[in-house]
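Each remark here refers to the structure printed beneath this line.
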Amino acid sequence: MSEWVSGVLTIACLVAVLAAVHVPLGDYMAKVFTSEKDLAIERVFYRAAGVDPKSQQRWTRYAVSLLTFSGIGIVVLWLLCVFQGRLPLDRGAAMDWHTSINTAVSFVTNTNWQSYSGESGASALLQTTGLAVQNFLSAAVGLAVAVALVRGLVARKTGLVGNFWVDVVRATIRILLPLSVIAAIVLLAGGVVQDLSAPMVIDTITGSHQTIESGLVASQEAIKELGTNGGGYFNANSAHPFENPNGFTNLFEIFLLLVIPFSLPRTYGRLVGDKRQGYAVLGFMAFLWTTMLIVITWAEQAASHAATGAMEGKEVRFGVWASALFANSTTSTSTGAVNSWHESYSPIGGGGALVNMLLGEISPGGVGSGLYGALIVAILAVFIAGLMVGRTPEIHGKQVGRKEITYSALYSVTTPALVLLGTASALMVRSAKGAILATGPHGLSEILYAYASAANNNGSAFGGLSADQPFLNLTLAVCMLLGRFLPTIAVLALAGSFAAQHRRPTTDGTMPTHTPLFAGLMVGVALLVTGLTFLPVLALGPLAEALR
Amino acid sequence: MNQRSERSEESTTDVMTAEPASAATHPTKNESPSSLSNLWRQLGPALPGALVKFDPRHLWRQPVIFVVWVSAVLTTVLAIGHPSWFAWLVSVWLWATIFFANLAESVAEGRGKAQADSLRKTRATATARRLTDTGEEEIAASDLHLGDRVVVGAGQQIPGDGDVVEGIATVDESAITGESAPVVREAGGDRCAVTGGTTVLSDRIVIQITAKPGETFIDRMIALVEGAERQKTPNEIALGILLTVLTIIFLLAVATIPPFAGWAGHRPSVTVLVALLVCLIPTTIGALLSAIGIAGMDRLVQRNVLAMSGRAVEAAGDVTTLLLDKTGTITLGNRQASDIVVVGANDAAEVHRLAHLSSLADETPEGRSIVTWTADQLGTTMDSPADAVVVPFTAQTRMSGLDLPDGTMLRKGAAASVAKLVRETGGTGADAAMEIADRISAAGGTPLVVAAGRQGGSMNAVGVIHLKDVIKPGMAERFAELRKMGIRTVMITGDNPLTAKAIADEAGVDDFLAEATPEDKMRLIKAEQEGGRLVAMTGDGTNDAPALAQADVGVAMNTGTSAAKEAGNMVDLDSDPTKLIDIVGIGKQLLITRGALTTFSIANDLAKYFAIIPAMFVASYPGLTDLNIMKLHSANSAILSAVIFNALIIIALIPLSLKGVRYRPLRADQLLTRNILIYGVGGVIVPFIGIKLIDLLVQFLPGM
């Protein structure tokens, strides 16, 4: 079978399974967030925390709850990082204070940028009770925010956007946990390791010793992909044979990281009572994902067949197509897990991965964050184009006025500002500049990629950057923190102001937001806004490298 | 039954009610400056205004243009420090960009000024005769207080806004409405309001002043057309925020270029960076935004509609439910003869002849329709006999007629009045005529009783003319258009439900409210608003005032009471309720123009990047010349061409922003497709061509 045929069949297989799964999963998630009933186990949590699950919150209380929850998460995780050496299951791993801060912020913000080396930087206890827990909770928070925004769109002048605690508990217990259990079993069956035994020391054929770590990998791998987290158990992430042993697990991991983001448009359609609205968003996400997949695959295919080309950086076990598919999916879902080395991609291929992040993680984006990111694009599209039908712009009968456009604009300006300012500041600091390995345009790509990855909460690393140093650790942590919570607050404020509005009826004079034309418009807005912001720096990075 | 429908029935043959129909075709005072030559003529007077606006304190209100101002100052300073052709050319064109932006606003404002000046003349010399306890005193109109009573006689100007409290008079309101036909103003009822600056033609009235000097209707009109009171509308503010945020993003994108380019080894000069910034920020829409708003208000003024705020104009575009009064809006204000019912045993042909004769001197459309109808029945027309004396309609008698030389007297008019006359003169048929009249009324028609008799003898009721509603031509099509635009039409009428339904079906409205009281109307508006709809209505009576205030767009008729005019957020000087439909169109056009130019402005940026980025970085990475797809002459010429295009496109779009984007009543998705193609796709393509053409010329300049 030629590379082409197997590659296309792999993608077709993935798309077919996603298409089949997104309907029931999307419907199920919609039911989870609208159900009137609480499970017994959930009631235990509510009683313990003193939360009335029947009460609804305004956006301000919702946001305060979220920030408190995440704030506590950061502190707890930071303590675990710092004191991992004095806790059980220690393997002698340690982190600097700044690495700890970076790691704590990274996992709570669903970024999972790893400044430390997976297997040697974090103990099994930290990995399982700290990092893996945040893998669930940070994804649940993302889901909660997305659902709150949709509730705001649906609400009729109530001003209420739901209950944060209920949303997080349900997202964890009813969605992420059961799916992870299934996924972990499949991964185990596929050959991913799961044990707590001591590292194995083997003699290599050259006569030297090699220490092979293992751990509770399969369980962590499942939520790593499912929650679009991406923090690998091992430093080599999904390129490590214990995390990703074969072609099947590779494809299954790609499926896992895409499945919730691609199912959420269905949930959205269900919640607003118009499935077509979900299809438009899904179409928008799928179009961008497919386009970038074509670009990256084409670039890598061309590079590997060029006279000077090589398989450098690719996952040789899976080949160019599966590497490109993984790279495209992981950077477009804010996951950041990798099965190949993005730095070694061709300029256009690596640039494609970069663009996926710079788009703002909307194709399909992270768990929850992808949906609300896409809805912000929809709001901007509605605002710009909506005027062209001669009405005050509205989405689902909710007007996009002064307040709404302010919040949407705040959302859209935050991450580009962080990326540009972060990269520029790093280029002006000697220590950070020294951490860049390559010179010329490729060096700019290395540092730009790091800040794009952090600010957009992706967490994937380009490579070539010695990131474990105070300036980079701290500025990247700031980018992750602000890149997650400023947009989150903006989304919740938006949800609140939508929720306080009347819902205007849909008429023939209303701009349709369910048509292919509108999905196309969203694509145009996303590309134009990203393009206009980042063209200069992309010209100096990947483009200059490609056109050399 | 509300006051309006009573009135319209009672005064069917009133000469003055003929105005709405004629106003529908009334030419606008200012022809729209659609042609370029018109624009050129407006440029001259606008120049001084445009120069004054260079003041940064003024520009601060438009953040995008303010950034250009700062940029221009910066490049000028740099050009002085390190003079070069390139630096000076860029500086000059940046200043030109600001100038063009100011010019757009200035031209838009200038169009209102001429009108304001002519309005100002009307109040220049007014004096008032104030009633005091002892008699009258002559004082300046500007010294009048609220509640003062003034006397105005024939030929005198009314000194201020007020209500007629005594007397009845014809008033020439052409100073405000442009309509030369006089209108009747009388004490009590819905037509008591008079406007300062208008002139009494006949009779004498006493007016109670209801507006302080300086706050009269004319004063407000002047302020509105001059744009002095112009406040940004909600939508304009929202768009302004988006533009500001875009500016911030581009500011960041440009400000971070030096470190990025420094890594590559070659930093672009500040002049080049500033040029890029100005090209990227949405200067086009930023420059035209306020002109579009002013022009939108102006378009209403040209149609003789005064919007009290820009907010109201925007709301008009959002309207989803139109409440339309049947009479004068859906049906002709003037009903037409459809039948004559004979009273008692009179001969039908004779009755037709009498009705024909009685209407010969009646110049109202109703009167003419009677002449035509009876002529058809008789198969011939008759001339008014020589020496016949015409008895005109008066508000007191509510009938008109003809006294023939042979002593025959003919009278025709409101049923109750004619019946009273018949009874007073001891004539016959009064009761029978009233019975027929009631039947006609019940069916939604208007009865007019014809009586005939001899001079000094008794008058006998001989027949009852049935006047029927006639739906205005083209209304059904307009309602279909509105439905396509997603707007629901509801007909409001005092008629009984059966008649109302018949007319509603014929006119093609979506719904109707029969036997409507002001309370019913209010309830309907609130119900629609509860459902999230925006409601527009017209009204003129005092009892309409609460509903006018409640509606999102309330258009008061200029003939209406001051209470109605206070409550509404627009006043139609022509008092033509049909105009509500046009107002919705104007509101939509305003929003579409804004959206279209915003889209165009942002889409333009792509080409500018393709011009400037290769030019800026080619020194570091020669490979980037491949991005110079326009094949521009040199780095300097590419940057300058982009800056020049950026400035000239403002001038090129001034006519469009003043005239408004062409608006057609289409479904939203059709409008969207059309406008995206023109302004989105067009906005991407046009600058590629424009910049290339400019570059072909610019390359010959020194320093390129």
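Letters A, B, ... mark the chains of the structure tokens in the order given; residue numbers begin at 1 per chain; ligand numbers begin at 1, in order shown.
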Next on the checklist: With only C-alpha atoms as the counted atoms, please give the residues lying no more than 10 Å from stretch 536-542 of chain A, apart from itself and same-chain residues fewer than 5 positions off, as a ChimeraX atom specification.
Outcome noted: /A:346-352,354-355,420,423,440-448,531,547-548 /B:253-254,256-257,260-261,263-264,609,612-614,616-618,620-621,624,627
Store the residues picked out above in a file with C-alpha atoms, as a PDB file, in the first residue's frame.
ATOM      1  CA  SER A 346       9.674  21.853   7.126  1.00  0.00           C
ATOM      2  CA  PRO A 347       9.198  25.628   7.529  1.00  0.00           C
ATOM      3  CA  ILE A 348       5.651  25.455   6.197  1.00  0.00           C
ATOM      4  CA  GLY A 349       4.788  22.328   8.171  1.00  0.00           C
ATOM      5  CA  GLY A 350       6.108  23.726  11.460  1.00  0.00           C
ATOM      6  CA  GLY A 351       4.592  27.083  10.559  1.00  0.00           C
ATOM      7  CA  GLY A 352       1.273  25.301  10.053  1.00  0.00           C
ATOM      8  CA  LEU A 354       2.210  27.434  14.753  1.00  0.00           C
ATOM      9  CA  VAL A 355      -0.714  28.917  12.828  1.00  0.00           C
ATOM     10  CA  LEU A 420       3.614  39.318  20.574  1.00  0.00           C
ATOM     11  CA  THR A 423       8.129  36.944  22.162  1.00  0.00           C
ATOM     12  CA  GLY A 440      17.846  33.348  11.700  1.00  0.00           C
ATOM     13  CA  PRO A 441      14.182  32.774  10.992  1.00  0.00           C
ATOM     14  CA  HIS A 442      14.145  29.315  12.576  1.00  0.00           C
ATOM     15  CA  GLY A 443      15.295  30.786  15.881  1.00  0.00           C
ATOM     16  CA  LEU A 444      12.430  33.280  15.772  1.00  0.00           C
ATOM     17  CA  SER A 445      10.031  30.397  15.129  1.00  0.00           C
ATOM     18  CA  GLU A 446      11.375  28.574  18.208  1.00  0.00           C
ATOM     19  CA  ILE A 447      10.695  31.424  20.589  1.00  0.00           C
ATOM     20  CA  LEU A 448       7.449  32.488  18.896  1.00  0.00           C
ATOM     21  CA  GLY A 531      -3.336  36.869   9.556  1.00  0.00           C
ATOM     22  CA  LEU A 547      11.373  31.347   0.849  1.00  0.00           C
ATOM     23  CA  ARG A 548      15.084  31.244   1.490  1.00  0.00           C
TER      24      ARG A 548
ATOM     25  CA  ALA B 253       1.790  43.954  15.736  1.00  0.00           C
ATOM     26  CA  VAL B 254       3.795  46.922  14.463  1.00  0.00           C
ATOM     27  CA  THR B 256       6.873  44.336  18.131  1.00  0.00           C
ATOM     28  CA  ILE B 257       8.411  44.330  14.658  1.00  0.00           C
ATOM     29  CA  PHE B 260      11.659  40.526  15.637  1.00  0.00           C
ATOM     30  CA  ALA B 261      13.416  42.257  12.773  1.00  0.00           C
ATOM     31  CA  TRP B 263      16.798  39.187  15.449  1.00  0.00           C
ATOM     32  CA  ALA B 264      16.999  39.029  11.658  1.00  0.00           C
ATOM     33  CA  TYR B 609       0.475  43.729   3.828  1.00  0.00           C
ATOM     34  CA  ILE B 612       4.628  46.586   2.696  1.00  0.00           C
ATOM     35  CA  ILE B 613       5.917  43.353   4.262  1.00  0.00           C
ATOM     36  CA  PRO B 614       8.248  42.330   1.414  1.00  0.00           C
ATOM     37  CA  MET B 616      10.112  46.138   4.834  1.00  0.00           C
ATOM     38  CA  PHE B 617      11.996  42.861   5.310  1.00  0.00           C
ATOM     39  CA  VAL B 618      13.625  42.328   1.968  1.00  0.00           C
ATOM     40  CA  SER B 620      17.045  40.859   5.861  1.00  0.00           C
ATOM     41  CA  TYR B 621      15.575  38.063   3.774  1.00  0.00           C
ATOM     42  CA  LEU B 624      10.620  37.534   0.733  1.00  0.00           C
ATOM     43  CA  LEU B 627       5.613  37.953  -1.640  1.00  0.00           C
TER      44      LEU B 627
END
Next on the checklist: Need the shell around A:Leu87: protein/DNA/RNA residues with any atom at most 10 Å away, counting only C-alpha atoms. Skip same-chain ones fewer than 5 positions apart. Format as a count of residues only?
Outcome noted: 4
Based on only C-alpha atoms, which of the residues in chain A come within 8 Å of chain B? I want them as a PDB file with N, CA and C atoms, in the first residue's frame.
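So result_18.pdb came out as:
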ATOM      1  N   ILE A 384     -19.539  42.166  12.433  1.00  0.00           N
ATOM      2  CA  ILE A 384     -19.057  42.851  11.234  1.00  0.00           C
ATOM      3  C   ILE A 384     -20.042  42.683  10.080  1.00  0.00           C
ATOM      4  N   ALA A 385     -20.475  41.431   9.886  1.00  0.00           N
ATOM      5  CA  ALA A 385     -21.324  41.180   8.723  1.00  0.00           C
ATOM      6  C   ALA A 385     -22.789  41.493   9.015  1.00  0.00           C
ATOM      7  N   GLY A 386     -23.149  41.368  10.306  1.00  0.00           N
ATOM      8  CA  GLY A 386     -24.546  41.552  10.670  1.00  0.00           C
ATOM      9  C   GLY A 386     -25.049  42.932  10.309  1.00  0.00           C
ATOM     10  N   LEU A 387     -24.187  43.920  10.435  1.00  0.00           N
ATOM     11  CA  LEU A 387     -24.583  45.269  10.060  1.00  0.00           C
ATOM     12  C   LEU A 387     -24.987  45.308   8.592  1.00  0.00           C
ATOM     13  N   MET A 388     -24.361  44.426   7.798  1.00  0.00           N
ATOM     14  CA  MET A 388     -24.607  44.468   6.361  1.00  0.00           C
ATOM     15  C   MET A 388     -25.996  43.976   5.979  1.00  0.00           C
ATOM     16  N   VAL A 389     -26.767  43.433   6.908  1.00  0.00           N
ATOM     17  CA  VAL A 389     -28.151  43.119   6.591  1.00  0.00           C
ATOM     18  C   VAL A 389     -29.097  44.189   7.150  1.00  0.00           C
ATOM     19  N   GLY A 390     -28.504  45.246   7.698  1.00  0.00           N
ATOM     20  CA  GLY A 390     -29.339  46.364   8.114  1.00  0.00           C
ATOM     21  C   GLY A 390     -30.007  46.185   9.450  1.00  0.00           C
ATOM     22  N   ARG A 391     -29.428  45.410  10.322  1.00  0.00           N
ATOM     23  CA  ARG A 391     -29.989  45.261  11.658  1.00  0.00           C
ATOM     24  C   ARG A 391     -28.864  45.385  12.668  1.00  0.00           C
ATOM     25  N   THR A 392     -29.213  45.758  13.898  1.00  0.00           N
ATOM     26  CA  THR A 392     -28.225  45.656  14.956  1.00  0.00           C
ATOM     27  C   THR A 392     -27.844  44.186  15.041  1.00  0.00           C
ATOM     28  N   GLY A 401     -24.097  44.336  21.263  1.00  0.00           N
ATOM     29  CA  GLY A 401     -23.987  45.786  21.413  1.00  0.00           C
ATOM     30  C   GLY A 401     -22.643  46.174  22.007  1.00  0.00           C
ATOM     31  N   ARG A 402     -22.660  47.315  22.683  1.00  0.00           N
ATOM     32  CA  ARG A 402     -21.419  47.872  23.208  1.00  0.00           C
ATOM     33  C   ARG A 402     -20.730  46.915  24.173  1.00  0.00           C
ATOM     34  N   LYS A 403     -21.507  46.392  25.143  1.00  0.00           N
ATOM     35  CA  LYS A 403     -20.904  45.521  26.154  1.00  0.00           C
ATOM     36  C   LYS A 403     -20.382  44.240  25.522  1.00  0.00           C
ATOM     37  N   ILE A 405     -19.571  43.517  22.464  1.00  0.00           N
ATOM     38  CA  ILE A 405     -18.416  43.621  21.562  1.00  0.00           C
ATOM     39  C   ILE A 405     -17.159  43.937  22.380  1.00  0.00           C
ATOM     40  N   THR A 406     -17.329  44.649  23.493  1.00  0.00           N
ATOM     41  CA  THR A 406     -16.174  44.918  24.344  1.00  0.00           C
ATOM     42  C   THR A 406     -15.593  43.617  24.882  1.00  0.00           C
ATOM     43  N   ALA A 409     -14.051  41.579  22.093  1.00  0.00           N
ATOM     44  CA  ALA A 409     -12.796  42.183  21.646  1.00  0.00           C
ATOM     45  C   ALA A 409     -11.701  41.936  22.669  1.00  0.00           C
ATOM     46  N   LEU A 410     -12.063  42.038  23.956  1.00  0.00           N
ATOM     47  CA  LEU A 410     -11.086  41.764  25.012  1.00  0.00           C
ATOM     48  C   LEU A 410     -10.572  40.335  24.881  1.00  0.00           C
ATOM     49  N   VAL A 413      -8.215  40.070  21.844  1.00  0.00           N
ATOM     50  CA  VAL A 413      -6.960  40.820  21.860  1.00  0.00           C
ATOM     51  C   VAL A 413      -5.962  40.209  22.856  1.00  0.00           C
ATOM     52  N   PRO A 416      -3.262  37.326  21.318  1.00  0.00           N
ATOM     53  CA  PRO A 416      -2.276  37.924  20.406  1.00  0.00           C
ATOM     54  C   PRO A 416      -1.329  38.878  21.134  1.00  0.00           C
ATOM     55  N   ALA A 417      -1.877  39.662  22.054  1.00  0.00           N
ATOM     56  CA  ALA A 417      -1.028  40.601  22.793  1.00  0.00           C
ATOM     57  C   ALA A 417       0.025  39.841  23.587  1.00  0.00           C
ATOM     58  N   LEU A 420       2.704  38.331  21.163  1.00  0.00           N
ATOM     59  CA  LEU A 420       3.614  39.318  20.574  1.00  0.00           C
ATOM     60  C   LEU A 420       4.515  39.940  21.629  1.00  0.00           C
ATOM     61  N   LEU A 421       3.903  40.353  22.745  1.00  0.00           N
ATOM     62  CA  LEU A 421       4.702  41.007  23.785  1.00  0.00           C
ATOM     63  C   LEU A 421       5.681  40.018  24.418  1.00  0.00           C
ATOM     64  N   ALA A 424       8.512  39.326  21.932  1.00  0.00           N
ATOM     65  CA  ALA A 424       9.368  40.513  21.807  1.00  0.00           C
ATOM     66  C   ALA A 424      10.227  40.693  23.055  1.00  0.00           C
ATOM     67  N   LEU A 427      13.116  38.393  23.203  1.00  0.00           N
ATOM     68  CA  LEU A 427      14.198  38.747  22.282  1.00  0.00           C
ATOM     69  C   LEU A 427      15.013  39.926  22.791  1.00  0.00           C
ATOM     70  N   MET A 428      14.514  40.573  23.827  1.00  0.00           N
ATOM     71  CA  MET A 428      15.242  41.716  24.359  1.00  0.00           C
ATOM     72  C   MET A 428      15.981  41.372  25.642  1.00  0.00           C
ATOM     73  N   GLY A 440      18.672  32.999  12.852  1.00  0.00           N
ATOM     74  CA  GLY A 440      17.846  33.348  11.700  1.00  0.00           C
ATOM     75  C   GLY A 440      16.375  33.071  11.941  1.00  0.00           C
ATOM     76  N   PRO A 441      15.630  32.909  10.857  1.00  0.00           N
ATOM     77  CA  PRO A 441      14.182  32.774  10.992  1.00  0.00           C
ATOM     78  C   PRO A 441      13.769  31.583  11.857  1.00  0.00           C
ATOM     79  N   LEU A 444      13.620  32.492  15.437  1.00  0.00           N
ATOM     80  CA  LEU A 444      12.430  33.280  15.772  1.00  0.00           C
ATOM     81  C   LEU A 444      11.223  32.355  15.921  1.00  0.00           C
ATOM     82  N   HIS A 502     -33.352  40.006  26.511  1.00  0.00           N
ATOM     83  CA  HIS A 502     -34.466  39.340  25.855  1.00  0.00           C
ATOM     84  C   HIS A 502     -33.922  38.492  24.736  1.00  0.00           C
ATOM     85  N   ARG A 503     -34.666  37.467  24.363  1.00  0.00           N
ATOM     86  CA  ARG A 503     -34.274  36.755  23.147  1.00  0.00           C
ATOM     87  C   ARG A 503     -35.215  37.207  22.041  1.00  0.00           C
ATOM     88  N   ARG A 504     -34.649  37.841  21.021  1.00  0.00           N
ATOM     89  CA  ARG A 504     -35.500  38.340  19.945  1.00  0.00           C
ATOM     90  C   ARG A 504     -35.860  37.215  18.989  1.00  0.00           C
ATOM     91  N   PRO A 505     -37.071  37.241  18.480  1.00  0.00           N
ATOM     92  CA  PRO A 505     -37.483  36.134  17.611  1.00  0.00           C
ATOM     93  C   PRO A 505     -36.736  36.168  16.284  1.00  0.00           C
ATOM     94  N   THR A 507     -36.565  36.093  12.426  1.00  0.00           N
ATOM     95  CA  THR A 507     -37.428  36.395  11.289  1.00  0.00           C
ATOM     96  C   THR A 507     -36.601  36.316  10.022  1.00  0.00           C
ATOM     97  N   ASP A 508     -37.248  36.606   8.897  1.00  0.00           N
ATOM     98  CA  ASP A 508     -36.504  36.622   7.637  1.00  0.00           C
ATOM     99  C   ASP A 508     -35.500  37.764   7.611  1.00  0.00           C
ATOM    100  N   GLY A 509     -35.657  38.717   8.517  1.00  0.00           N
ATOM    101  CA  GLY A 509     -34.730  39.838   8.558  1.00  0.00           C
ATOM    102  C   GLY A 509     -33.521  39.549   9.433  1.00  0.00           C
ATOM    103  N   THR A 510     -33.526  38.386  10.097  1.00  0.00           N
ATOM    104  CA  THR A 510     -32.410  38.039  10.972  1.00  0.00           C
ATOM    105  C   THR A 510     -31.306  37.420  10.134  1.00  0.00           C
ATOM    106  N   MET A 511     -30.064  37.790  10.453  1.00  0.00           N
ATOM    107  CA  MET A 511     -28.978  37.181   9.709  1.00  0.00           C
ATOM    108  C   MET A 511     -28.870  35.713  10.116  1.00  0.00           C
ATOM    109  N   PRO A 512     -28.928  34.798   9.153  1.00  0.00           N
ATOM    110  CA  PRO A 512     -28.849  33.383   9.511  1.00  0.00           C
ATOM    111  C   PRO A 512     -27.439  33.028   9.980  1.00  0.00           C
ATOM    112  N   LEU A 517     -22.673  29.765   4.283  1.00  0.00           N
ATOM    113  CA  LEU A 517     -22.138  31.109   4.072  1.00  0.00           C
ATOM    114  C   LEU A 517     -21.606  31.680   5.387  1.00  0.00           C
ATOM    115  N   LEU A 528      -8.521  36.231   8.815  1.00  0.00           N
ATOM    116  CA  LEU A 528      -8.136  37.626   8.602  1.00  0.00           C
ATOM    117  C   LEU A 528      -7.566  38.228   9.887  1.00  0.00           C
ATOM    118  N   LEU A 532      -3.771  39.209   9.961  1.00  0.00           N
ATOM    119  CA  LEU A 532      -3.375  40.604  10.061  1.00  0.00           C
ATOM    120  C   LEU A 532      -2.509  40.843  11.288  1.00  0.00           C
ATOM    121  N   THR A 533      -2.762  40.063  12.352  1.00  0.00           N
ATOM    122  CA  THR A 533      -1.979  40.268  13.565  1.00  0.00           C
ATOM    123  C   THR A 533      -0.575  39.688  13.441  1.00  0.00           C
ATOM    124  N   PHE A 534      -0.501  38.529  12.820  1.00  0.00           N
ATOM    125  CA  PHE A 534       0.769  37.790  12.906  1.00  0.00           C
ATOM    126  C   PHE A 534       1.563  37.735  11.612  1.00  0.00           C
ATOM    127  N   LEU A 535       1.019  38.333  10.524  1.00  0.00           N
ATOM    128  CA  LEU A 535       1.759  38.241   9.262  1.00  0.00           C
ATOM    129  C   LEU A 535       3.196  38.760   9.353  1.00  0.00           C
ATOM    130  N   PRO A 536       3.413  39.913   9.993  1.00  0.00           N
ATOM    131  CA  PRO A 536       4.806  40.383  10.045  1.00  0.00           C
ATOM    132  C   PRO A 536       5.743  39.369  10.698  1.00  0.00           C
ATOM    133  N   VAL A 537       5.330  38.817  11.831  1.00  0.00           N
ATOM    134  CA  VAL A 537       6.238  37.912  12.532  1.00  0.00           C
ATOM    135  C   VAL A 537       6.334  36.576  11.799  1.00  0.00           C
ATOM    136  N   ALA A 539       6.168  36.330   8.632  1.00  0.00           N
ATOM    137  CA  ALA A 539       7.018  36.609   7.474  1.00  0.00           C
ATOM    138  C   ALA A 539       8.482  36.500   7.865  1.00  0.00           C
ATOM    139  N   LEU A 540       8.795  36.925   9.087  1.00  0.00           N
ATOM    140  CA  LEU A 540      10.192  36.885   9.536  1.00  0.00           C
ATOM    141  C   LEU A 540      10.602  35.499  10.027  1.00  0.00           C
ATOM    142  N   LEU A 543       7.894  31.995   7.031  1.00  0.00           N
ATOM    143  CA  LEU A 543       7.846  32.387   5.617  1.00  0.00           C
ATOM    144  C   LEU A 543       9.247  32.685   5.081  1.00  0.00           C
ATOM    145  N   ALA A 544      10.023  33.432   5.870  1.00  0.00           N
ATOM    146  CA  ALA A 544      11.381  33.765   5.438  1.00  0.00           C
ATOM    147  C   ALA A 544      12.207  32.482   5.273  1.00  0.00           C
ATOM    148  N   LEU A 547      11.056  30.670   2.101  1.00  0.00           N
ATOM    149  CA  LEU A 547      11.373  31.347   0.849  1.00  0.00           C
ATOM    150  C   LEU A 547      12.869  31.608   0.694  1.00  0.00           C
ATOM    151  N   ARG A 548      13.656  30.983   1.562  1.00  0.00           N
ATOM    152  CA  ARG A 548      15.084  31.244   1.490  1.00  0.00           C
ATOM    153  C   ARG A 548      15.687  30.702   0.208  1.00  0.00           C
TER     154      ARG A 548
END
Item to check | Selection near stretch 305-309 of chain B, 9 Å with only C-alpha atoms, sequence-local residues under 2 positions removed, as number ranges by chain | outcome: B: 220-221, 224-225, 229-231, 233, 297-303, 311-313, 555, 568-574, 579, 583
Checklist outcome for this item: Using only C-alpha atoms, the residue out of A:Gly368, A:Ile173, A:His209, A:Gly247 with shortest distance to A:Ala40 is A:Ile173
Checklist entry - If we count only C-alpha atoms, what is near B:Met399 at a cut-off of 8 Å, once residues fewer than 6 positions away on the same chain are taken out, given as a list in words? => result Thr13, Pro392, Phe393, Arg411, Lys412, Gly413, Ala414, Ser417 and Val418 of chain B
Checklist entry - Mind checking DSSP for stretch 90-328 of chain A and telling me the helix (DSSP H, G or I) residues as a PyMOL selection string? => result chain A and resi 97-108+118-121+124-154+164-190+217-226+237-239+247-271+275-305+319-328
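Of the residues listed (B:Val272, B:Asn460, B:Glu424, B:Arg41), B:Val272 shows the shortest atom-to-atom separation from B:Val643; distances use only C-alpha atoms.
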Next on the checklist: I'd like the contact shell of A:Gly231 - 9 Å cut-off, only C-alpha atoms, skipping same-chain residues fewer than 4 positions apart - returned as a ChimeraX atom specification.
Outcome noted: /A:107,111-114,118,131,135,221,224-225,235,237,335-337,459-460
Write the residues of the selection above to a file with C-alpha atoms, as a tab-separated table (two decimals), in the first residue's frame.
chain	number	residue	atom	x	y	z
A	107	PHE	CA	-1.53	22.10	34.35
A	111	THR	CA	-1.77	24.06	28.87
A	112	ASN	CA	0.50	21.31	30.10
A	113	TRP	CA	3.64	23.01	28.93
A	114	GLN	CA	6.36	20.92	30.52
A	118	GLY	CA	8.39	14.07	32.29
A	131	LEU	CA	-0.93	16.50	37.35
A	135	ASN	CA	-5.87	17.04	33.71
A	221	GLU	CA	-2.48	8.93	28.80
A	224	LYS	CA	-3.99	13.56	28.61
A	225	GLU	CA	-5.60	13.23	25.18
A	235	ASN	CA	9.53	13.46	28.20
A	237	ASN	CA	5.43	12.25	25.11
A	335	THR	CA	-3.50	19.44	23.48
A	336	GLY	CA	0.18	19.78	22.90
A	337	ALA	CA	1.01	16.09	23.06
A	459	GLY	CA	1.52	23.30	25.63
A	460	SER	CA	3.23	21.66	22.72
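Of the residues in stretch 270-501 of chain A, those that DSSP places in strand (DSSP E) on the basis of the backbone are Glu394, Ile395, Lys398 and Gln399 of chain A.
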Checklist entry - Contacts of A:Tyr233 at 12 Å or less, counting only C-alpha atoms, minus same-chain residues fewer than 3 places along, as a ChimeraX atom specification? => result /A:112,114,116-128,131-132,135,192-194,213-225,229-230,236-244,337-338
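Of the listed residues B:Glu136, B:Asp540, B:Glu481, B:Asp510, the one whose atoms come nearest to B:Ile581 is B:Glu481, with distances taken using only C-alpha atoms.
Atom CA of B:Ala545 sits 26.7 Å away from atom CA of B:Leu119.
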Counting only C-alpha atoms, what is within 7 Å of B:Leu201, bar same-chain residues fewer than 6 positions away, as a PDB file with C-alpha atoms, in the first residue's frame?
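So result_28.pdb came out as:
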ATOM      1  CA  ALA B 154     -53.816  87.126  10.122  1.00  0.00           C
ATOM      2  CA  GLY B 155     -50.473  87.685   8.437  1.00  0.00           C
ATOM      3  CA  THR B 170     -55.395  78.590   8.839  1.00  0.00           C
ATOM      4  CA  VAL B 171     -51.648  78.481   9.243  1.00  0.00           C
ATOM      5  CA  ASP B 172     -48.866  78.433   6.667  1.00  0.00           C
TER       6      ASP B 172
END
